[in-house]
Amino acid sequence: QVQLVESGGGLVQAGGSLRLSCTTSGRTISGYTMGWFRQAPGKEREFVAAIHWSGTSTYYADSIKGRFTISRDNAKNTVFLQMNSLKPEDTAVYHCAAPETRRQSWPLRGSYEYNYWGQGTQVTVSS
């Protein structure tokens with residue numbers, strides 16, 4: 001079955017950086033848009049970023065635009081989220097996600113558009 005596993009989270013001071021990874025097993029990520037979401041305590045899950053299946057387009061939430069960068073390495077079956085200039089409000093569990101079908105419409109920013117989810121990695125930003 002399809003499994004997504006995130007890594008790279010941790011505790012960082014405000015202004016610092018982290019790089020999250022999401023490795024997929026059970027199928028290739030080639031041809032699939034991939035996304036990142038986050039969920040802070042007491043809040044709903046929110047969209048963070050998505051990368052087109054071709055790798056040529058990206059889409060970001062306004063709250064992280066200019067600070068985060070999503071990328072993909074199809075050969076490694078891995079998607080990345082580079083997070084710079086981190087703020088305390090970025091504290092959350094970060095999940096990567098994948099849709100069921102290839103080459104869907106763009107962008108995919110609703111959680112309902114994704115079928116497979118990782119267990120998440122905790123990111124904590126101290127002030």
# chains A, B, ... in the order shown; residues from 1 in each chain; ligands from 1

call {"tool": "select_by_dssp", "arguments": {"residues": "chain A", "states": "helix (DSSP H, G or I)", "output": "list in words"}}
result
Asn74, Ala75, Lys76, Pro88, Glu89, Asp90, Ser111, Tyr112 and Glu113 of chain A

call {"tool": "residues_around", "arguments": {"residues": "Val2 (chain A)", "least_positions_apart": "5", "cutoff": "9 Å", "atoms": "only C-alpha atoms", "output": "PyMOL selection string"}}
result
chain A and resi 24-27+116

call {"tool": "select_by_dssp", "arguments": {"residues": "chain A", "states": "strand (DSSP E)", "output": "PyMOL selection string"}}
result
chain A and resi 3-7+10-13+18-25+34-39+46-51+58-60+68-73+78-83+92-98+116-117+121-126

call {"tool": "closest_residue", "arguments": {"among": "A:Gln39, A:Thr101, A:Asn77, A:Gln122", "to": "Cys22 (chain A)", "atoms": "only C-alpha atoms"}}
result
A:Asn77

call {"tool": "residues_around", "arguments": {"residues": "Lys43 (chain A)", "least_positions_apart": "3", "cutoff": "12 Å", "atoms": "only C-alpha atoms", "output": "list in words"}}
result
Arg38, Gln39, Ala40, Glu46, Glu89, Thr91, Ala92 and Val93 of chain A

call {"tool": "residues_around", "arguments": {"residues": "region 60-67 of chain A", "least_positions_apart": "3", "cutoff": "6 Å", "atoms": "only C-alpha atoms", "output": "number ranges by chain"}}
result
A: 48-49, 84

call {"tool": "residues_around", "arguments": {"residues": "Asn115 (chain A)", "least_positions_apart": "6", "cutoff": "12 Å", "atoms": "only C-alpha atoms", "output": "list in words"}}
result
Val2, Gln3, Leu4, Tyr32, Thr33, Met34, Gly35, Cys96, Ala97, Ala98, Pro99, Glu100, Thr101, Arg102 and Leu108 of chain A

call {"tool": "closest_residue", "arguments": {"among": "A:Val5, A:Ile29, A:Leu20, A:Ala14", "to": "Met83 (chain A)", "atoms": "only C-alpha atoms"}}
result
A:Leu20

call {"tool": "residues_around", "arguments": {"residues": "region 103-107 of chain A", "least_positions_apart": "6", "cutoff": "8 Å", "atoms": "only C-alpha atoms", "output": "list in words"}}
result
Gly31, Tyr32, Thr33, Ala50, His52, Trp53 and Tyr59 of chain A

call {"tool": "decode", "arguments": {"residues": "region 26-41 of chain A", "atoms": "all heavy atoms", "output": "short mmCIF file (atom, residue, chain, number, x, y, z; two decimals), in the first residue's frame"}}
result
data_model
loop_
_atom_site.label_atom_id
_atom_site.label_comp_id
_atom_site.auth_asym_id
_atom_site.auth_seq_id
_atom_site.Cartn_x
_atom_site.Cartn_y
_atom_site.Cartn_z
N GLY A 26 5.48 2.27 -1.94
CA GLY A 26 4.28 1.62 -2.46
C GLY A 26 3.87 2.08 -3.84
O GLY A 26 3.04 1.44 -4.49
N ARG A 27 4.40 3.23 -4.27
CA ARG A 27 4.20 3.69 -5.63
C ARG A 27 5.18 4.83 -5.90
O ARG A 27 5.70 5.44 -4.96
CB ARG A 27 2.76 4.15 -5.88
CG ARG A 27 2.42 5.49 -5.33
CD ARG A 27 1.03 5.97 -5.74
NE ARG A 27 0.82 7.35 -5.30
CZ ARG A 27 -0.34 7.97 -5.35
NH1 ARG A 27 -1.43 7.34 -5.80
NH2 ARG A 27 -0.45 9.23 -4.96
N THR A 28 5.36 5.15 -7.16
CA THR A 28 6.20 6.28 -7.52
C THR A 28 5.44 7.59 -7.31
O THR A 28 4.21 7.63 -7.37
CB THR A 28 6.61 6.17 -9.00
OG1 THR A 28 7.39 7.31 -9.35
CG2 THR A 28 5.38 6.14 -9.91
N ILE A 29 6.17 8.68 -7.02
CA ILE A 29 5.52 9.99 -6.94
C ILE A 29 5.50 10.66 -8.32
O ILE A 29 4.85 11.69 -8.48
CB ILE A 29 6.21 10.92 -5.92
CG1 ILE A 29 7.62 11.30 -6.37
CG2 ILE A 29 6.20 10.30 -4.54
CD1 ILE A 29 8.23 12.42 -5.54
N SER A 30 6.19 10.09 -9.27
CA SER A 30 6.22 10.65 -10.60
C SER A 30 4.81 10.71 -11.18
O SER A 30 4.08 9.72 -11.16
CB SER A 30 7.11 9.80 -11.51
OG SER A 30 7.16 10.34 -12.81
N GLY A 31 4.42 11.89 -11.67
CA GLY A 31 3.09 12.06 -12.23
C GLY A 31 2.04 12.49 -11.23
O GLY A 31 0.89 12.72 -11.60
N TYR A 32 2.41 12.62 -9.96
CA TYR A 32 1.45 13.02 -8.92
C TYR A 32 1.83 14.37 -8.32
O TYR A 32 2.98 14.58 -7.94
CB TYR A 32 1.42 12.00 -7.79
CG TYR A 32 0.88 10.64 -8.19
CD1 TYR A 32 1.75 9.65 -8.65
CD2 TYR A 32 -0.48 10.36 -8.10
CE1 TYR A 32 1.26 8.40 -9.02
CE2 TYR A 32 -0.97 9.11 -8.46
CZ TYR A 32 -0.10 8.14 -8.92
OH TYR A 32 -0.58 6.91 -9.27
N THR A 33 0.85 15.26 -8.24
CA THR A 33 1.03 16.45 -7.42
C THR A 33 1.19 16.02 -5.96
O THR A 33 0.57 15.05 -5.52
CB THR A 33 -0.20 17.37 -7.57
OG1 THR A 33 -0.19 17.93 -8.89
CG2 THR A 33 -0.20 18.48 -6.54
N MET A 34 2.04 16.74 -5.24
CA MET A 34 2.26 16.44 -3.82
C MET A 34 2.04 17.71 -3.00
O MET A 34 2.27 18.82 -3.49
CB MET A 34 3.69 15.93 -3.60
CG MET A 34 4.01 14.64 -4.35
SD MET A 34 3.13 13.21 -3.74
CE MET A 34 3.85 13.01 -2.11
N GLY A 35 1.61 17.54 -1.77
CA GLY A 35 1.33 18.70 -0.93
C GLY A 35 1.84 18.56 0.48
O GLY A 35 2.14 17.45 0.95
N TRP A 36 1.93 19.70 1.14
CA TRP A 36 2.24 19.77 2.57
C TRP A 36 1.12 20.52 3.27
O TRP A 36 0.64 21.55 2.77
CB TRP A 36 3.56 20.51 2.83
CG TRP A 36 4.80 19.73 2.52
CD1 TRP A 36 5.53 19.76 1.38
CD2 TRP A 36 5.47 18.81 3.39
NE1 TRP A 36 6.61 18.92 1.47
CE2 TRP A 36 6.60 18.32 2.71
CE3 TRP A 36 5.23 18.35 4.69
CZ2 TRP A 36 7.49 17.41 3.27
CZ3 TRP A 36 6.11 17.43 5.25
CH2 TRP A 36 7.23 16.97 4.54
N PHE A 37 0.73 20.02 4.42
CA PHE A 37 -0.26 20.65 5.29
C PHE A 37 0.32 20.72 6.69
O PHE A 37 1.29 20.04 7.00
CB PHE A 37 -1.56 19.84 5.30
CG PHE A 37 -2.34 19.91 4.03
CD1 PHE A 37 -1.92 19.20 2.90
CD2 PHE A 37 -3.49 20.67 3.93
CE1 PHE A 37 -2.64 19.25 1.72
CE2 PHE A 37 -4.22 20.73 2.75
CZ PHE A 37 -3.79 20.01 1.65
N ARG A 38 -0.31 21.51 7.54
CA ARG A 38 0.11 21.56 8.93
C ARG A 38 -1.10 21.71 9.83
O ARG A 38 -2.14 22.22 9.42
CB ARG A 38 1.11 22.68 9.18
CG ARG A 38 0.54 24.09 9.04
CD ARG A 38 1.66 25.12 9.18
NE ARG A 38 1.15 26.48 9.09
CZ ARG A 38 1.92 27.56 9.08
NH1 ARG A 38 3.26 27.43 9.14
NH2 ARG A 38 1.39 28.77 9.01
N GLN A 39 -0.93 21.27 11.08
CA GLN A 39 -2.01 21.39 12.05
C GLN A 39 -1.42 21.77 13.40
O GLN A 39 -0.61 21.01 13.97
CB GLN A 39 -2.80 20.09 12.17
CG GLN A 39 -4.04 20.22 13.04
CD GLN A 39 -4.99 19.06 12.87
OE1 GLN A 39 -4.65 18.00 12.38
NE2 GLN A 39 -6.24 19.27 13.27
N ALA A 40 -1.80 22.93 13.87
CA ALA A 40 -1.37 23.41 15.18
C ALA A 40 -2.38 22.96 16.23
O ALA A 40 -3.54 22.68 15.91
CB ALA A 40 -1.26 24.93 15.17
N PRO A 41 -1.96 22.89 17.50
CA PRO A 41 -2.88 22.45 18.56
C PRO A 41 -4.14 23.30 18.60
O PRO A 41 -4.07 24.53 18.60
CB PRO A 41 -2.05 22.62 19.83
CG PRO A 41 -0.64 22.52 19.36
CD PRO A 41 -0.61 23.13 18.00
#
